[in-house]
file data-v3.cif (mmCIF, N, CA and C atoms)
data_structure
loop_
_atom_site.label_atom_id
_atom_site.label_comp_id
_atom_site.auth_asym_id
_atom_site.auth_seq_id
_atom_site.Cartn_x
_atom_site.Cartn_y
_atom_site.Cartn_z
N MET S 863 -2.34 -8.58 11.85
CA MET S 863 -3.31 -9.24 12.69
C MET S 863 -4.71 -8.85 12.23
N TYR S 864 -5.61 -9.76 12.28
CA TYR S 864 -6.98 -9.55 11.84
C TYR S 864 -7.70 -8.61 12.79
N LYS S 865 -8.28 -7.56 12.23
CA LYS S 865 -9.02 -6.60 13.04
C LYS S 865 -10.40 -6.42 12.43
N PHE S 866 -11.38 -6.16 13.28
CA PHE S 866 -12.70 -5.82 12.78
C PHE S 866 -13.39 -4.95 13.80
N ALA S 867 -14.34 -4.18 13.32
CA ALA S 867 -15.12 -3.33 14.21
C ALA S 867 -16.27 -4.14 14.76
N TYR S 868 -16.43 -4.11 16.06
CA TYR S 868 -17.51 -4.88 16.68
C TYR S 868 -18.86 -4.47 16.12
N GLU S 869 -19.04 -3.18 15.88
CA GLU S 869 -20.32 -2.69 15.38
C GLU S 869 -20.68 -3.35 14.05
N ASP S 870 -19.71 -3.68 13.25
CA ASP S 870 -19.96 -4.31 11.96
C ASP S 870 -20.43 -5.75 12.11
N THR S 871 -20.13 -6.37 13.24
CA THR S 871 -20.48 -7.77 13.42
C THR S 871 -21.81 -7.97 14.12
N VAL S 872 -22.38 -6.93 14.67
CA VAL S 872 -23.57 -7.10 15.49
C VAL S 872 -24.80 -6.42 14.87
N GLU S 873 -24.84 -6.32 13.58
CA GLU S 873 -25.98 -5.71 12.92
C GLU S 873 -27.05 -6.75 12.63
N THR S 874 -27.12 -7.77 13.43
CA THR S 874 -28.10 -8.84 13.27
C THR S 874 -28.85 -9.01 14.58
N SER S 875 -29.78 -9.96 14.60
CA SER S 875 -30.55 -10.15 15.83
C SER S 875 -30.63 -11.62 16.19
N GLY S 876 -31.20 -11.91 17.35
CA GLY S 876 -31.43 -13.27 17.79
C GLY S 876 -30.16 -14.06 17.96
N ALA S 877 -30.23 -15.34 17.55
CA ALA S 877 -29.09 -16.24 17.71
C ALA S 877 -27.90 -15.76 16.92
N THR S 878 -28.13 -15.19 15.76
CA THR S 878 -27.02 -14.68 14.96
C THR S 878 -26.32 -13.55 15.68
N GLY S 879 -27.10 -12.66 16.31
CA GLY S 879 -26.52 -11.57 17.08
C GLY S 879 -25.72 -12.09 18.25
N ARG S 880 -26.25 -13.11 18.92
CA ARG S 880 -25.53 -13.70 20.05
C ARG S 880 -24.23 -14.32 19.58
N ASP S 881 -24.24 -14.96 18.41
CA ASP S 881 -23.02 -15.55 17.88
C ASP S 881 -22.00 -14.46 17.55
N ALA S 882 -22.47 -13.34 17.00
CA ALA S 882 -21.56 -12.23 16.70
C ALA S 882 -20.97 -11.67 17.99
N GLU S 883 -21.78 -11.57 19.03
CA GLU S 883 -21.27 -11.10 20.33
C GLU S 883 -20.23 -12.07 20.87
N ARG S 884 -20.50 -13.37 20.75
CA ARG S 884 -19.56 -14.38 21.22
C ARG S 884 -18.26 -14.28 20.45
N GLN S 885 -18.34 -14.09 19.13
CA GLN S 885 -17.14 -13.96 18.31
C GLN S 885 -16.33 -12.73 18.70
N ALA S 886 -17.02 -11.63 18.96
CA ALA S 886 -16.32 -10.41 19.38
C ALA S 886 -15.66 -10.62 20.73
N LEU S 887 -16.35 -11.30 21.65
CA LEU S 887 -15.76 -11.58 22.96
C LEU S 887 -14.57 -12.53 22.82
N GLU S 888 -14.66 -13.50 21.93
CA GLU S 888 -13.53 -14.41 21.72
C GLU S 888 -12.33 -13.67 21.12
N HIS S 889 -12.60 -12.75 20.21
CA HIS S 889 -11.51 -11.93 19.65
C HIS S 889 -10.86 -11.11 20.77
N SER S 890 -11.69 -10.52 21.61
CA SER S 890 -11.19 -9.77 22.75
C SER S 890 -10.36 -10.67 23.66
N LEU S 891 -10.86 -11.87 23.90
CA LEU S 891 -10.16 -12.83 24.75
C LEU S 891 -8.80 -13.18 24.16
N ASN S 892 -8.73 -13.40 22.86
CA ASN S 892 -7.45 -13.71 22.22
C ASN S 892 -6.46 -12.56 22.38
N LEU S 893 -6.95 -11.34 22.14
CA LEU S 893 -6.07 -10.17 22.30
C LEU S 893 -5.59 -10.02 23.74
N LEU S 894 -6.49 -10.24 24.70
CA LEU S 894 -6.13 -10.12 26.11
C LEU S 894 -5.13 -11.20 26.54
N ARG S 895 -5.30 -12.41 26.03
CA ARG S 895 -4.35 -13.48 26.37
C ARG S 895 -2.95 -13.15 25.85
N ILE S 896 -2.88 -12.61 24.65
CA ILE S 896 -1.58 -12.20 24.11
C ILE S 896 -0.99 -11.09 24.97
N ALA S 897 -1.82 -10.11 25.32
CA ALA S 897 -1.35 -8.96 26.11
C ALA S 897 -0.92 -9.38 27.51
N ALA S 898 -1.50 -10.44 28.05
CA ALA S 898 -1.18 -10.89 29.41
C ALA S 898 0.15 -11.65 29.47
N GLN S 899 0.70 -12.04 28.34
CA GLN S 899 1.97 -12.77 28.35
C GLN S 899 3.10 -11.84 28.72
N SER S 900 4.08 -12.38 29.40
CA SER S 900 5.21 -11.55 29.85
C SER S 900 5.98 -10.93 28.69
N ALA S 901 5.96 -11.56 27.53
CA ALA S 901 6.69 -11.04 26.38
C ALA S 901 5.85 -10.08 25.52
N ALA S 902 4.65 -9.75 25.97
CA ALA S 902 3.78 -8.88 25.18
C ALA S 902 4.39 -7.50 25.04
N THR S 903 4.21 -6.93 23.87
CA THR S 903 4.72 -5.58 23.61
C THR S 903 3.69 -4.55 24.08
N PRO S 904 4.11 -3.32 24.29
CA PRO S 904 3.15 -2.27 24.62
C PRO S 904 2.05 -2.13 23.55
N ALA S 905 2.43 -2.34 22.29
CA ALA S 905 1.44 -2.24 21.21
C ALA S 905 0.38 -3.33 21.33
N GLN S 906 0.78 -4.53 21.72
CA GLN S 906 -0.19 -5.62 21.90
C GLN S 906 -1.12 -5.32 23.07
N LYS S 907 -0.58 -4.77 24.14
CA LYS S 907 -1.43 -4.40 25.27
C LYS S 907 -2.39 -3.29 24.88
N TYR S 908 -1.89 -2.32 24.15
CA TYR S 908 -2.73 -1.21 23.70
C TYR S 908 -3.86 -1.71 22.81
N GLU S 909 -3.53 -2.60 21.88
CA GLU S 909 -4.55 -3.15 20.98
C GLU S 909 -5.63 -3.88 21.77
N ALA S 910 -5.22 -4.69 22.73
CA ALA S 910 -6.20 -5.43 23.53
C ALA S 910 -7.08 -4.49 24.34
N LEU S 911 -6.48 -3.53 25.00
CA LEU S 911 -7.26 -2.60 25.84
C LEU S 911 -8.17 -1.72 25.01
N THR S 912 -7.71 -1.32 23.84
CA THR S 912 -8.54 -0.52 22.95
C THR S 912 -9.75 -1.32 22.48
N PHE S 913 -9.53 -2.58 22.14
CA PHE S 913 -10.65 -3.41 21.70
C PHE S 913 -11.62 -3.65 22.84
N VAL S 914 -11.11 -3.93 24.03
CA VAL S 914 -11.98 -4.13 25.20
C VAL S 914 -12.84 -2.89 25.42
N ASN S 915 -12.24 -1.73 25.35
CA ASN S 915 -12.99 -0.48 25.55
C ASN S 915 -14.06 -0.29 24.48
N SER S 916 -13.72 -0.54 23.24
CA SER S 916 -14.70 -0.40 22.16
C SER S 916 -15.84 -1.40 22.31
N LEU S 917 -15.48 -2.63 22.58
CA LEU S 917 -16.48 -3.68 22.73
C LEU S 917 -17.45 -3.38 23.87
N TRP S 918 -16.91 -3.07 25.05
CA TRP S 918 -17.78 -2.85 26.20
C TRP S 918 -18.54 -1.53 26.10
N SER S 919 -17.99 -0.56 25.44
CA SER S 919 -18.75 0.69 25.21
C SER S 919 -19.97 0.39 24.34
N PHE S 920 -19.77 -0.41 23.30
CA PHE S 920 -20.88 -0.79 22.44
C PHE S 920 -21.90 -1.63 23.22
N LEU S 921 -21.42 -2.63 23.96
CA LEU S 921 -22.33 -3.49 24.72
C LEU S 921 -23.12 -2.69 25.75
N LEU S 922 -22.46 -1.78 26.44
CA LEU S 922 -23.16 -0.97 27.44
C LEU S 922 -24.24 -0.10 26.79
N GLU S 923 -23.93 0.45 25.65
CA GLU S 923 -24.93 1.26 24.94
C GLU S 923 -26.13 0.40 24.56
N ASP S 924 -25.87 -0.81 24.08
CA ASP S 924 -26.95 -1.72 23.71
C ASP S 924 -27.75 -2.16 24.94
N LEU S 925 -27.07 -2.46 26.02
CA LEU S 925 -27.75 -2.90 27.24
C LEU S 925 -28.64 -1.81 27.83
N ALA S 926 -28.29 -0.57 27.60
CA ALA S 926 -29.06 0.56 28.15
C ALA S 926 -30.30 0.90 27.33
N LYS S 927 -30.42 0.34 26.15
CA LYS S 927 -31.57 0.66 25.30
C LYS S 927 -32.85 0.08 25.90
N PRO S 928 -33.93 0.84 25.88
CA PRO S 928 -35.20 0.36 26.45
C PRO S 928 -35.74 -0.88 25.74
N ASP S 929 -35.40 -1.06 24.47
CA ASP S 929 -35.93 -2.21 23.73
C ASP S 929 -35.03 -3.44 23.83
N ASN S 930 -34.00 -3.40 24.68
CA ASN S 930 -33.15 -4.56 24.89
C ASN S 930 -34.00 -5.66 25.52
N ALA S 931 -33.98 -6.85 24.94
CA ALA S 931 -34.87 -7.94 25.35
C ALA S 931 -34.37 -8.75 26.54
N LEU S 932 -33.18 -8.50 27.03
CA LEU S 932 -32.68 -9.26 28.18
C LEU S 932 -33.47 -8.90 29.43
N PRO S 933 -33.62 -9.84 30.35
CA PRO S 933 -34.28 -9.53 31.62
C PRO S 933 -33.52 -8.43 32.36
N ALA S 934 -34.26 -7.61 33.08
CA ALA S 934 -33.68 -6.43 33.75
C ALA S 934 -32.53 -6.81 34.68
N GLY S 935 -32.68 -7.88 35.43
CA GLY S 935 -31.62 -8.29 36.36
C GLY S 935 -30.34 -8.67 35.65
N LEU S 936 -30.47 -9.39 34.55
CA LEU S 936 -29.29 -9.78 33.78
C LEU S 936 -28.64 -8.56 33.14
N ARG S 937 -29.47 -7.68 32.61
CA ARG S 937 -28.93 -6.44 32.04
C ARG S 937 -28.16 -5.65 33.08
N ALA S 938 -28.72 -5.53 34.27
CA ALA S 938 -28.05 -4.78 35.34
C ALA S 938 -26.71 -5.41 35.69
N SER S 939 -26.67 -6.74 35.76
CA SER S 939 -25.42 -7.43 36.07
C SER S 939 -24.38 -7.20 34.97
N LEU S 940 -24.81 -7.31 33.72
CA LEU S 940 -23.88 -7.10 32.61
C LEU S 940 -23.40 -5.65 32.55
N ILE S 941 -24.26 -4.71 32.88
CA ILE S 941 -23.85 -3.31 32.93
C ILE S 941 -22.79 -3.11 34.00
N SER S 942 -22.99 -3.71 35.16
CA SER S 942 -21.98 -3.61 36.23
C SER S 942 -20.65 -4.21 35.79
N ILE S 943 -20.73 -5.37 35.14
CA ILE S 943 -19.50 -6.01 34.63
C ILE S 943 -18.84 -5.11 33.60
N GLY S 944 -19.63 -4.54 32.72
CA GLY S 944 -19.09 -3.67 31.68
C GLY S 944 -18.37 -2.46 32.25
N PHE S 945 -18.98 -1.84 33.26
CA PHE S 945 -18.32 -0.69 33.89
C PHE S 945 -17.01 -1.12 34.56
N TRP S 946 -17.02 -2.30 35.18
CA TRP S 946 -15.78 -2.81 35.79
C TRP S 946 -14.71 -3.03 34.72
N MET S 947 -15.11 -3.65 33.60
CA MET S 947 -14.15 -3.90 32.52
C MET S 947 -13.54 -2.59 32.03
N LEU S 948 -14.37 -1.57 31.86
CA LEU S 948 -13.85 -0.27 31.40
C LEU S 948 -12.91 0.36 32.42
N ARG S 949 -13.31 0.32 33.70
CA ARG S 949 -12.45 0.91 34.75
C ARG S 949 -11.13 0.16 34.86
N GLU S 950 -11.21 -1.17 34.82
CA GLU S 950 -10.00 -1.97 34.98
C GLU S 950 -9.07 -1.80 33.77
N SER S 951 -9.63 -1.77 32.57
CA SER S 951 -8.76 -1.58 31.41
C SER S 951 -8.12 -0.20 31.42
N GLU S 952 -8.85 0.80 31.91
CA GLU S 952 -8.27 2.14 32.04
C GLU S 952 -7.13 2.14 33.06
N ALA S 953 -7.35 1.46 34.19
CA ALA S 953 -6.31 1.39 35.23
C ALA S 953 -5.07 0.67 34.70
N ILE S 954 -5.26 -0.36 33.91
CA ILE S 954 -4.12 -1.07 33.32
C ILE S 954 -3.39 -0.15 32.35
N GLY S 955 -4.15 0.53 31.51
CA GLY S 955 -3.54 1.46 30.55
C GLY S 955 -2.78 2.58 31.22
N ASP S 956 -3.26 3.01 32.40
CA ASP S 956 -2.59 4.08 33.16
C ASP S 956 -1.45 3.57 34.02
N GLY S 957 -1.23 2.25 34.03
CA GLY S 957 -0.16 1.67 34.84
C GLY S 957 -0.52 1.52 36.30
N LYS S 958 -1.80 1.68 36.67
CA LYS S 958 -2.23 1.56 38.06
C LYS S 958 -2.64 0.15 38.42
N SER S 959 -2.72 -0.74 37.43
CA SER S 959 -3.11 -2.13 37.64
C SER S 959 -2.39 -2.99 36.62
N GLN S 960 -2.22 -4.23 36.95
CA GLN S 960 -1.64 -5.22 36.03
C GLN S 960 -2.60 -6.39 35.85
N ASN S 961 -3.89 -6.15 36.09
CA ASN S 961 -4.89 -7.21 36.17
C ASN S 961 -5.42 -7.67 34.81
N LEU S 962 -4.56 -7.91 33.86
CA LEU S 962 -5.01 -8.44 32.58
C LEU S 962 -5.66 -9.81 32.74
N GLU S 963 -5.17 -10.60 33.68
CA GLU S 963 -5.76 -11.92 33.90
C GLU S 963 -7.21 -11.81 34.37
N GLY S 964 -7.52 -10.78 35.14
CA GLY S 964 -8.90 -10.56 35.55
C GLY S 964 -9.80 -10.27 34.35
N LEU S 965 -9.30 -9.46 33.44
CA LEU S 965 -10.05 -9.17 32.21
C LEU S 965 -10.23 -10.44 31.39
N VAL S 966 -9.19 -11.27 31.34
CA VAL S 966 -9.26 -12.54 30.61
C VAL S 966 -10.35 -13.42 31.22
N GLU S 967 -10.33 -13.58 32.53
CA GLU S 967 -11.28 -14.47 33.20
C GLU S 967 -12.73 -14.02 33.00
N VAL S 968 -12.98 -12.74 33.16
CA VAL S 968 -14.34 -12.22 33.01
C VAL S 968 -14.80 -12.37 31.57
N THR S 969 -13.95 -12.04 30.63
CA THR S 969 -14.30 -12.16 29.22
C THR S 969 -14.60 -13.61 28.86
N GLN S 970 -13.81 -14.52 29.39
CA GLN S 970 -14.03 -15.94 29.11
C GLN S 970 -15.38 -16.40 29.67
N MET S 971 -15.71 -15.99 30.89
CA MET S 971 -16.99 -16.39 31.48
C MET S 971 -18.18 -15.85 30.68
N ILE S 972 -18.09 -14.59 30.26
CA ILE S 972 -19.17 -13.99 29.49
C ILE S 972 -19.30 -14.70 28.14
N SER S 973 -18.19 -14.96 27.50
CA SER S 973 -18.20 -15.66 26.20
C SER S 973 -18.81 -17.04 26.33
N GLU S 974 -18.43 -17.78 27.36
CA GLU S 974 -18.96 -19.14 27.56
C GLU S 974 -20.47 -19.08 27.83
N GLY S 975 -20.93 -18.02 28.47
CA GLY S 975 -22.35 -17.88 28.75
C GLY S 975 -23.19 -17.66 27.51
N LEU S 976 -22.57 -17.26 26.41
CA LEU S 976 -23.29 -17.03 25.16
C LEU S 976 -23.35 -18.29 24.28
N GLN S 977 -22.71 -19.35 24.70
CA GLN S 977 -22.71 -20.58 23.89
C GLN S 977 -23.94 -21.40 24.12
#
call {"tool": "encode", "arguments": {"input": "data-v3.cif", "output": "structure tokens"}}
result
Amino acid sequence: MYKFAYEDTVETSGATGRDAERQALEHSLNLLRIAAQSAATPAQKYEALTFVNSLWSFLLEDLAKPDNALPAGLRASLISIGFWMLRESEAIGDGKSQNLEGLVEVTQMISEGLQ
């Protein structure tokens, strides 16, 4: 399966950076959709959750930078979403939640917002 590091795709700015973010979110979405299927293997779930964690850790770090150009309100909302994504993926990994569909829905909305 095709893998890439999110950090390698976002070393650009402006519209190109937004496209790289959208691509990373779409990759995350594809992994999450596979993991949400009843026939998904533990390895597929692990791969999806690991990518979600890496992606949102990177996004949260970027959103927290003082030179981030997004409006403060939007940044705050995305930070809240990011923390939720990390908590929920951890709960799924620990077996305390089965809410992969929630991760799918949020990822899809964020991805569509970048188009």
call {"tool": "atom_distance", "arguments": {"input": "data-v3.cif", "atom1": "CA of Leu887 in chain S", "atom2": "CA of Glu967 in chain S"}}
result
11.5 Å
call {"tool": "atom_distance", "arguments": {"input": "data-v3.cif", "atom1": "CA of Glu952 in chain S", "atom2": "CA of Arg895 in chain S"}}
result
17.1 Å
call {"tool": "closest_residue", "arguments": {"input": "data-v3.cif", "among": "S:Asn930, S:Gly975, S:Gly944, S:Ala898", "to": "Trp918 in chain S", "atoms": "only N, CA and C atoms"}}
result
S:Gly944
call {"tool": "closest_residue", "arguments": {"input": "data-v3.cif", "among": "S:Glu950, S:Leu922, S:Ser916, S:Ile972", "to": "Ala938 in chain S", "atoms": "only C-alpha atoms"}}
result
S:Leu922
call {"tool": "residues_around", "arguments": {"input": "data-v3.cif", "residues": "Lys907 in chain S", "least_positions_apart": "6", "cutoff": "9 Å", "atoms": "only C-alpha atoms", "output": "list in words"}}
result
Leu893, Leu894, Ile896, Ala897, Ala898 and Gly955 of chain S
call {"tool": "atom_distance", "arguments": {"input": "data-v3.cif", "atom1": "atom C of Gln906 in chain S", "atom2": "atom C of Asp924 in chain S"}}
result
26.9 Å
call {"tool": "closest_residue", "arguments": {"input": "data-v3.cif", "among": "S:Asn915, S:Ser973, S:Ser890, S:Gln899", "to": "Met947 in chain S", "atoms": "all atoms listed in the file"}}
result
S:Asn915
call {"tool": "select_by_dssp", "arguments": {"input": "data-v3.cif", "residues": "chain S", "states": "alpha helix (DSSP H)", "output": "MDAnalysis selection string"}}
result
chainID S and resid 868:871 876:898 904:926 934:955 962:975
call {"tool": "axis_aligned_box", "arguments": {"input": "data-v3.cif", "around": "range 914-917 of chain S", "padding_each_side": "8 Å", "output": "AutoDock Vina command-line options"}}
result
--center_x -14.3 --center_y -2.2 --center_z 23.9 --size_x 22.3 --size_y 19.8 --size_z 19.4
call {"tool": "resolve_selection", "arguments": {"input": "data-v3.cif", "expression": "the PyMOL selection byres ((chain S and resi 976) around 8)", "output": "list in words"}}
result
Arg880, Asp881, Glu883, Arg884, Gln970, Met971, Ile972, Ser973, Glu974, Gly975 and Gln977 of chain S
call {"tool": "decode", "arguments": {"input": "data-v3.cif", "residues": "range 904-917 of chain S", "atoms": "N, CA and C atoms", "output": "PDB file, in the first residue's frame"}}
result
ATOM      1  N   PRO S 904      -6.657  -5.956  12.036  1.00  0.00           N
ATOM      2  CA  PRO S 904      -6.052  -5.085  13.042  1.00  0.00           C
ATOM      3  C   PRO S 904      -4.925  -4.220  12.457  1.00  0.00           C
ATOM      4  N   ALA S 905      -4.182  -4.780  11.511  1.00  0.00           N
ATOM      5  CA  ALA S 905      -3.092  -4.017  10.890  1.00  0.00           C
ATOM      6  C   ALA S 905      -3.638  -2.825  10.103  1.00  0.00           C
ATOM      7  N   GLN S 906      -4.763  -2.999   9.429  1.00  0.00           N
ATOM      8  CA  GLN S 906      -5.370  -1.892   8.684  1.00  0.00           C
ATOM      9  C   GLN S 906      -5.869  -0.807   9.636  1.00  0.00           C
ATOM     10  N   LYS S 907      -6.451  -1.216  10.743  1.00  0.00           N
ATOM     11  CA  LYS S 907      -6.895  -0.238  11.735  1.00  0.00           C
ATOM     12  C   LYS S 907      -5.709   0.502  12.336  1.00  0.00           C
ATOM     13  N   TYR S 908      -4.658  -0.242  12.634  1.00  0.00           N
ATOM     14  CA  TYR S 908      -3.456   0.365  13.200  1.00  0.00           C
ATOM     15  C   TYR S 908      -2.852   1.381  12.223  1.00  0.00           C
ATOM     16  N   GLU S 909      -2.772   1.001  10.949  1.00  0.00           N
ATOM     17  CA  GLU S 909      -2.215   1.908   9.942  1.00  0.00           C
ATOM     18  C   GLU S 909      -3.037   3.195   9.855  1.00  0.00           C
ATOM     19  N   ALA S 910      -4.352   3.064   9.851  1.00  0.00           N
ATOM     20  CA  ALA S 910      -5.214   4.243   9.763  1.00  0.00           C
ATOM     21  C   ALA S 910      -5.055   5.137  10.987  1.00  0.00           C
ATOM     22  N   LEU S 911      -5.082   4.542  12.166  1.00  0.00           N
ATOM     23  CA  LEU S 911      -4.975   5.336  13.394  1.00  0.00           C
ATOM     24  C   LEU S 911      -3.605   5.979  13.536  1.00  0.00           C
ATOM     25  N   THR S 912      -2.574   5.270  13.118  1.00  0.00           N
ATOM     26  CA  THR S 912      -1.225   5.833  13.165  1.00  0.00           C
ATOM     27  C   THR S 912      -1.113   7.026  12.227  1.00  0.00           C
ATOM     28  N   PHE S 913      -1.685   6.906  11.039  1.00  0.00           N
ATOM     29  CA  PHE S 913      -1.631   8.029  10.096  1.00  0.00           C
ATOM     30  C   PHE S 913      -2.436   9.208  10.616  1.00  0.00           C
ATOM     31  N   VAL S 914      -3.615   8.951  11.161  1.00  0.00           N
ATOM     32  CA  VAL S 914      -4.435  10.027  11.736  1.00  0.00           C
ATOM     33  C   VAL S 914      -3.649  10.756  12.822  1.00  0.00           C
ATOM     34  N   ASN S 915      -3.004  10.010  13.687  1.00  0.00           N
ATOM     35  CA  ASN S 915      -2.222  10.632  14.764  1.00  0.00           C
ATOM     36  C   ASN S 915      -1.075  11.470  14.220  1.00  0.00           C
ATOM     37  N   SER S 916      -0.362  10.951  13.249  1.00  0.00           N
ATOM     38  CA  SER S 916       0.750  11.698  12.660  1.00  0.00           C
ATOM     39  C   SER S 916       0.259  12.964  11.962  1.00  0.00           C
ATOM     40  N   LEU S 917      -0.790  12.810  11.189  1.00  0.00           N
ATOM     41  CA  LEU S 917      -1.344  13.944  10.451  1.00  0.00           C
ATOM     42  C   LEU S 917      -1.807  15.050  11.387  1.00  0.00           C
TER      43      LEU S 917
END
